[in-house]
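All remarks here apply to the structure that follows.
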Amino acid sequence: MTDRPQHPQQAQQQEWPGSILKMDPKPDHGETSYQGSGRLKGKTAIITGGDSGIGRAVAIAYAREGADVVISYLDEHEDAKDTAKLVEEAGQQALLIAGDVTEAEHCRSIVAQTAERFGKIDIVVNNAAFQMTRMSLDEISDDEFDRTMKTNLYAMFYICKAAVPHMPSGGAIINTASINADQPKPKLIAYSATKAAIVNFSGSLAALLAEKGIRANAVAPGPIWTPLIPSTMPPEQVESFGGEVPLQRMGQPAELAPAYVMLASDEASYISGATIAVTGGVAVI
């Protein structure tokens, strides 16, 4: 049994990119529950999409494990400031960088600002994502397809390419994939395609960077309660969100954080090229 919110939840909708402040129920990012034990002490991490959702949960966990955190986000300033406050309350430094990761120069700037501030980059979490629910190919505009590819794939490439020269041996790259990489959804055709590519990219990257001692892995979440859901899905789909998995509920961002901590830690020194499924009971093979 669990005290997590159970299916169904209230039908609701927001304008993209959405905010945690308007969600009902409020997502749990581990604000009151995550307890660190120094597993990332002295490390510096970049987290894209770090203002809310999975990124916020990872930022909180990393800070409480002893890491300084760079929070890259689009324009959700209130969410980002609140996340930074939680990082600082954990005794760690937080650097906020707003901007659009679809732009190559901005991605390179994120890395450059991090390297200048902290001198090194130990962990990169490519988590920023874009999706839209569409009933047919005709509903997907060229610009929307382009934004999906650039947010989910191009930004990952730009940031990895820029960050690797600043990463020491023992560094870790963690890319957020999805259950949709293994079980593509017809109404999320562009998003599902990018998530499959992220798994493949992560595997190739793991082999390519092995000689440098840098590990690359992916996390494949199932239905997780983040602002992306009410801002990109119709209200009736939001209401039933998460009911299809064996645990019969949506997951909370806090339930993802331990996977990201493990993959970033030195304890995962022999884990590279893996995809860790956090799916509420759905097998990802």
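Residue numbering restarts at 1 for every chain of the structure tokens, chains are lettered A, B, ... in their displayed order, and ligands are numbered from 1 as they appear.
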**Item:** Selection near range 163-174 of chain A, 6 Å with only C-alpha atoms, sequence-local residues under 6 positions removed, as a PyMOL selection string
**Value:** chain A and resi 111+120-125+212-218+264
**Residue contacts of Ser231 in chain A (8 Å, only C-alpha atoms) excluding same-chain residues fewer than 5 positions away, as a list in words** = Gln13, Gln14, Glu15, Trp16, Pro17 and Gly18 of chain A
**Prompt:** Do you have the CA of Asn152 in chain A-CA of Glu88 in chain A distance handy?
**Reply:**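 Calculated distance between CA of Asn152 in chain A and CA of Glu88 in chain A is 28.2 Å.
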**Request:** Please return as a list in words: the residues of range 104-196 of chain A that backbone DSSP assigns to strand (DSSP E).
**Result:**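 Filtering range 104-196 of chain A down to strand (DSSP E) leaves Ile123, Val124, Val125, Asn126, Ala172, Ile173, Ile174, Asn175 and Thr176 of chain A.
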**Prompt:** Skipping near chain neighbours, those fewer than 4 positions away, what residues fall within 9 Å of Gln183 in chain A using only C-alpha atoms, listed as a VMD selection string?
**Reply:** chain A and resid 178 to 179 192 284
**Request:** Once DSSP has gone over the backbone, tell me which residues of range 9-85 of chain A are in alpha helix (DSSP H), as number ranges by chain.
**Result:** A: 53-64, 77-85
Skipping near chain neighbours, those fewer than 4 positions away, what residues fall within 7 Å of Thr83 in chain A using only C-alpha atoms, listed as a CSV table (one decimal) with all heavy atoms, in the first residue's frame?
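Writing done, so here's out.csv:
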```
chain,number,residue,atom,x,y,z
A,51,ASP,N,13.8,22.8,-13.3
A,51,ASP,CA,12.9,23.7,-12.5
A,51,ASP,C,11.8,22.9,-11.8
A,51,ASP,O,11.3,23.3,-10.8
A,51,ASP,CB,12.4,24.8,-13.3
A,51,ASP,CG,11.6,24.3,-14.5
A,51,ASP,OD1,12.3,23.6,-15.4
A,51,ASP,OD2,10.4,24.5,-14.6
A,56,ARG,N,13.4,18.7,-11.1
A,56,ARG,CA,13.4,19.3,-9.7
A,56,ARG,C,13.7,18.2,-8.7
A,56,ARG,O,14.4,18.4,-7.7
A,56,ARG,CB,12.0,19.9,-9.5
A,56,ARG,CG,11.9,20.5,-8.0
A,56,ARG,CD,10.4,21.0,-7.9
A,56,ARG,NE,10.1,21.4,-6.5
A,56,ARG,CZ,9.9,22.7,-6.1
A,56,ARG,NH1,10.0,23.7,-7.0
A,56,ARG,NH2,9.6,22.9,-4.9
A,79,ASP,N,9.1,28.5,-10.5
A,79,ASP,CA,9.4,27.1,-10.2
A,79,ASP,C,10.9,27.0,-10.0
A,79,ASP,O,11.4,26.3,-9.1
A,79,ASP,CB,8.9,26.2,-11.3
A,79,ASP,CG,7.4,26.0,-11.3
A,79,ASP,OD1,6.8,26.5,-10.4
A,79,ASP,OD2,6.9,25.4,-12.3
A,87,VAL,N,17.8,23.7,-3.1
A,87,VAL,CA,19.2,23.3,-3.2
A,87,VAL,C,20.1,24.0,-2.2
A,87,VAL,O,20.9,23.4,-1.5
A,87,VAL,CB,19.7,23.6,-4.7
A,87,VAL,CG1,21.2,23.4,-4.7
A,87,VAL,CG2,19.0,22.6,-5.7
```
**Item:** Contacts of Lys43 in chain A at 7 Å (only C-alpha atoms; same-chain gap of 3+ positions) as a ChimeraX atom specification
**Value:** /A:40,67-68,122
For those residues, write N, CA, C and O atoms to a file as a PDB file, in the first residue's frame.
```
ATOM      1  N   LEU A  40      27.158  12.053  -3.391  1.00  0.00           N
ATOM      2  CA  LEU A  40      27.647  12.889  -4.489  1.00  0.00           C
ATOM      3  C   LEU A  40      28.466  14.076  -3.968  1.00  0.00           C
ATOM      4  O   LEU A  40      28.570  15.104  -4.627  1.00  0.00           O
ATOM      5  N   ALA A  67      25.959  17.555  -3.883  1.00  0.00           N
ATOM      6  CA  ALA A  67      26.373  18.136  -5.157  1.00  0.00           C
ATOM      7  C   ALA A  67      25.870  19.569  -5.321  1.00  0.00           C
ATOM      8  O   ALA A  67      24.772  19.908  -4.866  1.00  0.00           O
ATOM      9  N   ASP A  68      26.678  20.404  -5.972  1.00  0.00           N
ATOM     10  CA  ASP A  68      26.204  21.699  -6.445  1.00  0.00           C
ATOM     11  C   ASP A  68      25.419  21.455  -7.728  1.00  0.00           C
ATOM     12  O   ASP A  68      25.741  20.547  -8.509  1.00  0.00           O
ATOM     13  N   ASP A 122      30.836  17.146 -13.284  1.00  0.00           N
ATOM     14  CA  ASP A 122      30.888  15.717 -12.961  1.00  0.00           C
ATOM     15  C   ASP A 122      29.692  14.945 -13.500  1.00  0.00           C
ATOM     16  O   ASP A 122      29.812  13.763 -13.834  1.00  0.00           O
TER      17      ASP A 122
END
```
Excluding Thr194 in chain A and its own-chain neighbours fewer than 4 positions away, which residues fall within 12 Å of it when counting only C-alpha atoms? Please give them as a compact mmCIF listing (two decimals) with N, CA, C and O atoms, in the first residue's frame.
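Output file around17.txt is given in full below:
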```
# COMPACT_ATOMS: atom_id res chain seq x y z
N ALA A 129 12.33 18.25 -21.95
CA ALA A 129 11.56 17.52 -22.95
C ALA A 129 10.36 18.33 -23.43
O ALA A 129 9.84 19.19 -22.71
N PHE A 130 9.93 18.01 -24.63
CA PHE A 130 8.73 18.62 -25.22
C PHE A 130 7.91 17.51 -25.86
O PHE A 130 8.44 16.58 -26.47
N GLN A 131 6.59 17.61 -25.69
CA GLN A 131 5.67 16.69 -26.36
C GLN A 131 4.34 17.40 -26.56
O GLN A 131 4.03 18.38 -25.89
N PHE A 145 7.04 19.43 -34.85
CA PHE A 145 7.91 18.26 -34.99
C PHE A 145 9.37 18.68 -34.78
O PHE A 145 10.14 18.01 -34.08
N ASP A 146 9.72 19.82 -35.36
CA ASP A 146 11.08 20.34 -35.23
C ASP A 146 11.41 20.65 -33.77
O ASP A 146 12.50 20.33 -33.29
N ARG A 147 10.48 21.28 -33.06
CA ARG A 147 10.73 21.61 -31.65
C ARG A 147 10.90 20.34 -30.82
O ARG A 147 11.74 20.28 -29.92
N THR A 148 10.11 19.32 -31.10
CA THR A 148 10.24 18.06 -30.36
C THR A 148 11.61 17.46 -30.56
O THR A 148 12.27 17.04 -29.59
N MET A 149 12.07 17.41 -31.81
CA MET A 149 13.38 16.85 -32.09
C MET A 149 14.49 17.68 -31.46
O MET A 149 15.43 17.15 -30.85
N LYS A 150 14.40 18.98 -31.58
CA LYS A 150 15.46 19.85 -31.08
C LYS A 150 15.53 19.87 -29.55
O LYS A 150 16.61 19.89 -28.96
N THR A 151 14.36 19.84 -28.89
CA THR A 151 14.35 19.85 -27.42
C THR A 151 14.86 18.53 -26.86
O THR A 151 15.68 18.49 -25.94
N ASN A 152 14.36 17.44 -27.41
CA ASN A 152 14.63 16.12 -26.83
C ASN A 152 15.93 15.49 -27.30
O ASN A 152 16.56 14.74 -26.55
N LEU A 153 16.34 15.78 -28.56
CA LEU A 153 17.53 15.14 -29.12
C LEU A 153 18.69 16.10 -29.34
O LEU A 153 19.80 15.87 -28.86
N TYR A 154 18.43 17.18 -30.07
CA TYR A 154 19.52 18.08 -30.42
C TYR A 154 20.17 18.66 -29.17
O TYR A 154 21.40 18.74 -29.07
N ALA A 155 19.34 19.07 -28.20
CA ALA A 155 19.89 19.68 -26.98
C ALA A 155 20.79 18.69 -26.25
O ALA A 155 21.85 19.06 -25.74
N MET A 156 20.39 17.43 -26.20
CA MET A 156 21.20 16.39 -25.57
C MET A 156 22.56 16.30 -26.27
O MET A 156 23.61 16.24 -25.60
N ASN A 175 20.56 10.42 -19.35
CA ASN A 175 19.57 10.97 -20.27
C ASN A 175 18.18 10.42 -19.95
O ASN A 175 18.02 9.21 -19.74
N THR A 176 17.20 11.29 -19.91
CA THR A 176 15.84 10.86 -19.60
C THR A 176 15.16 10.35 -20.86
O THR A 176 14.88 11.12 -21.78
N ALA A 177 14.93 9.06 -20.92
CA ALA A 177 14.21 8.44 -22.02
C ALA A 177 12.74 8.31 -21.61
O ALA A 177 12.17 9.23 -21.04
N SER A 178 12.11 7.18 -21.88
CA SER A 178 10.69 7.00 -21.54
C SER A 178 10.30 5.56 -21.82
O SER A 178 10.90 4.88 -22.65
N ILE A 179 9.27 5.12 -21.13
CA ILE A 179 8.63 3.85 -21.46
C ILE A 179 8.19 3.83 -22.93
O ILE A 179 8.11 2.78 -23.56
N ASN A 180 7.94 5.03 -23.48
CA ASN A 180 7.49 5.12 -24.87
C ASN A 180 8.57 4.72 -25.87
O ASN A 180 8.26 4.49 -27.04
N ALA A 181 9.82 4.66 -25.43
CA ALA A 181 10.86 4.16 -26.32
C ALA A 181 10.64 2.69 -26.64
O ALA A 181 10.96 2.22 -27.73
N ASP A 182 10.07 1.96 -25.68
CA ASP A 182 9.83 0.53 -25.82
C ASP A 182 8.40 0.25 -26.27
O ASP A 182 8.14 -0.74 -26.96
N PRO A 184 5.87 2.59 -28.04
CA PRO A 184 5.52 3.90 -28.62
C PRO A 184 4.02 4.14 -28.66
O PRO A 184 3.23 3.25 -28.96
N LYS A 185 3.65 5.37 -28.32
CA LYS A 185 2.24 5.77 -28.29
C LYS A 185 1.86 6.47 -29.60
O LYS A 185 2.55 7.41 -30.02
N LEU A 188 1.56 10.19 -29.47
CA LEU A 188 2.81 10.89 -29.12
C LEU A 188 3.91 10.43 -30.07
O LEU A 188 5.01 10.09 -29.66
N ILE A 189 3.63 10.46 -31.36
CA ILE A 189 4.51 9.82 -32.33
C ILE A 189 5.88 10.49 -32.38
O ILE A 189 6.91 9.81 -32.42
N ALA A 190 5.93 11.80 -32.36
CA ALA A 190 7.22 12.50 -32.42
C ALA A 190 8.00 12.29 -31.12
O ALA A 190 9.20 11.98 -31.14
N ILE A 198 16.96 8.44 -27.82
CA ILE A 198 17.75 8.72 -26.62
C ILE A 198 18.36 7.45 -26.05
O ILE A 198 19.53 7.43 -25.64
N VAL A 199 17.59 6.36 -26.03
CA VAL A 199 18.13 5.09 -25.56
C VAL A 199 19.30 4.65 -26.43
O VAL A 199 20.37 4.25 -25.95
N ASN A 200 19.13 4.76 -27.74
CA ASN A 200 20.17 4.35 -28.67
C ASN A 200 21.40 5.25 -28.55
O ASN A 200 22.55 4.77 -28.51
N PHE A 201 21.17 6.56 -28.45
CA PHE A 201 22.26 7.53 -28.29
C PHE A 201 23.06 7.23 -27.03
O PHE A 201 24.30 7.25 -27.03
```
**Request:** Provide the CA of Lys161 in chain A to CA of Cys107 in chain A distance in Å, to one decimal place.
**Result:**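 If I compute the distance from CA of Lys161 in chain A to CA of Cys107 in chain A, I get 9.7 Å.
A straight line drawn from CA of Gln10 in chain A to CA of Lys26 in chain A is 11.4 Å long.
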Which residues of range 21-69 of chain A come within 12 Å of range 236-240 of chain A, and for each one, what is the closest pair of atoms and their distance in Å to one decimal, counting only C-alpha atoms, sorted by chain and residue number, as a Markdown table?
```
| residue | atom | partner | partner_atom | distance |
| --- | --- | --- | --- | --- |
| A:Met23 | CA | A:Val238 | CA | 11.0 |
| A:Asp24 | CA | A:Glu239 | CA | 10.7 |
| A:Pro25 | CA | A:Glu239 | CA | 11.4 |
```
Write a file of the selected residues as a PDB file, in the first residue's frame, keeping all heavy atoms.
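Final output, saved to out25.pdb:
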```
ATOM      1  N   MET A  23      -0.889  22.647 -10.333  1.00  0.00           N
ATOM      2  CA  MET A  23      -1.253  21.236 -10.441  1.00  0.00           C
ATOM      3  C   MET A  23      -2.013  20.759  -9.207  1.00  0.00           C
ATOM      4  O   MET A  23      -1.740  21.194  -8.086  1.00  0.00           O
ATOM      5  CB  MET A  23       0.003  20.386 -10.656  1.00  0.00           C
ATOM      6  CG  MET A  23       0.717  20.674 -11.959  1.00  0.00           C
ATOM      7  SD  MET A  23       2.285  19.762 -12.123  1.00  0.00           S
ATOM      8  CE  MET A  23       1.689  18.079 -12.315  1.00  0.00           C
ATOM      9  N   ASP A  24      -2.985  19.861  -9.429  1.00  0.00           N
ATOM     10  CA  ASP A  24      -3.781  19.302  -8.345  1.00  0.00           C
ATOM     11  C   ASP A  24      -3.949  17.794  -8.603  1.00  0.00           C
ATOM     12  O   ASP A  24      -4.599  17.407  -9.576  1.00  0.00           O
ATOM     13  CB  ASP A  24      -5.143  19.992  -8.275  1.00  0.00           C
ATOM     14  CG  ASP A  24      -5.985  19.496  -7.107  1.00  0.00           C
ATOM     15  OD1 ASP A  24      -5.401  18.870  -6.195  1.00  0.00           O
ATOM     16  OD2 ASP A  24      -7.204  19.736  -7.118  1.00  0.00           O
ATOM     17  N   PRO A  25      -3.362  16.941  -7.783  1.00  0.00           N
ATOM     18  CA  PRO A  25      -2.593  17.243  -6.572  1.00  0.00           C
ATOM     19  C   PRO A  25      -1.206  17.770  -6.903  1.00  0.00           C
ATOM     20  O   PRO A  25      -0.709  17.577  -8.011  1.00  0.00           O
ATOM     21  CB  PRO A  25      -2.505  15.885  -5.875  1.00  0.00           C
ATOM     22  CG  PRO A  25      -2.506  14.909  -7.017  1.00  0.00           C
ATOM     23  CD  PRO A  25      -3.459  15.484  -8.031  1.00  0.00           C
TER      24      PRO A  25
END
```
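Nearest to Leu74 in chain A of all the residues A:Ser19, A:Thr232, A:Thr44, A:Ser141 is A:Ser19, counting only C-alpha atoms.
Comparing A:Gly222, A:Ile97, A:Ile276, A:Asn127 by their smallest distance to Ser109 in chain A, the closest is A:Ile97 (using only C-alpha atoms).
Distance check against Pro234 in chain A using only C-alpha atoms: of A:Ala115, A:Met132, A:Ala268, A:Ile47, the minimum falls on A:Met132.
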**Request:** Choose the residue, out of A:Thr279, A:Arg117, A:Val219, A:Leu21, that has the smallest atom-to-atom separation from Ala257 in chain A; count only C-alpha atoms.
**Result:**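 Residue with the minimum atom-to-atom distance to Ala257 in chain A: A:Val219.
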**Request:** Tell me which protein, DNA and RNA residues are within 9 Å of Asp28 in chain A, counting only C-alpha atoms, leaving out same-chain ones fewer than 5 positions away, and put them as number ranges by chain.
**Result:** A: 4, 33, 53, 57, 225, 252-255
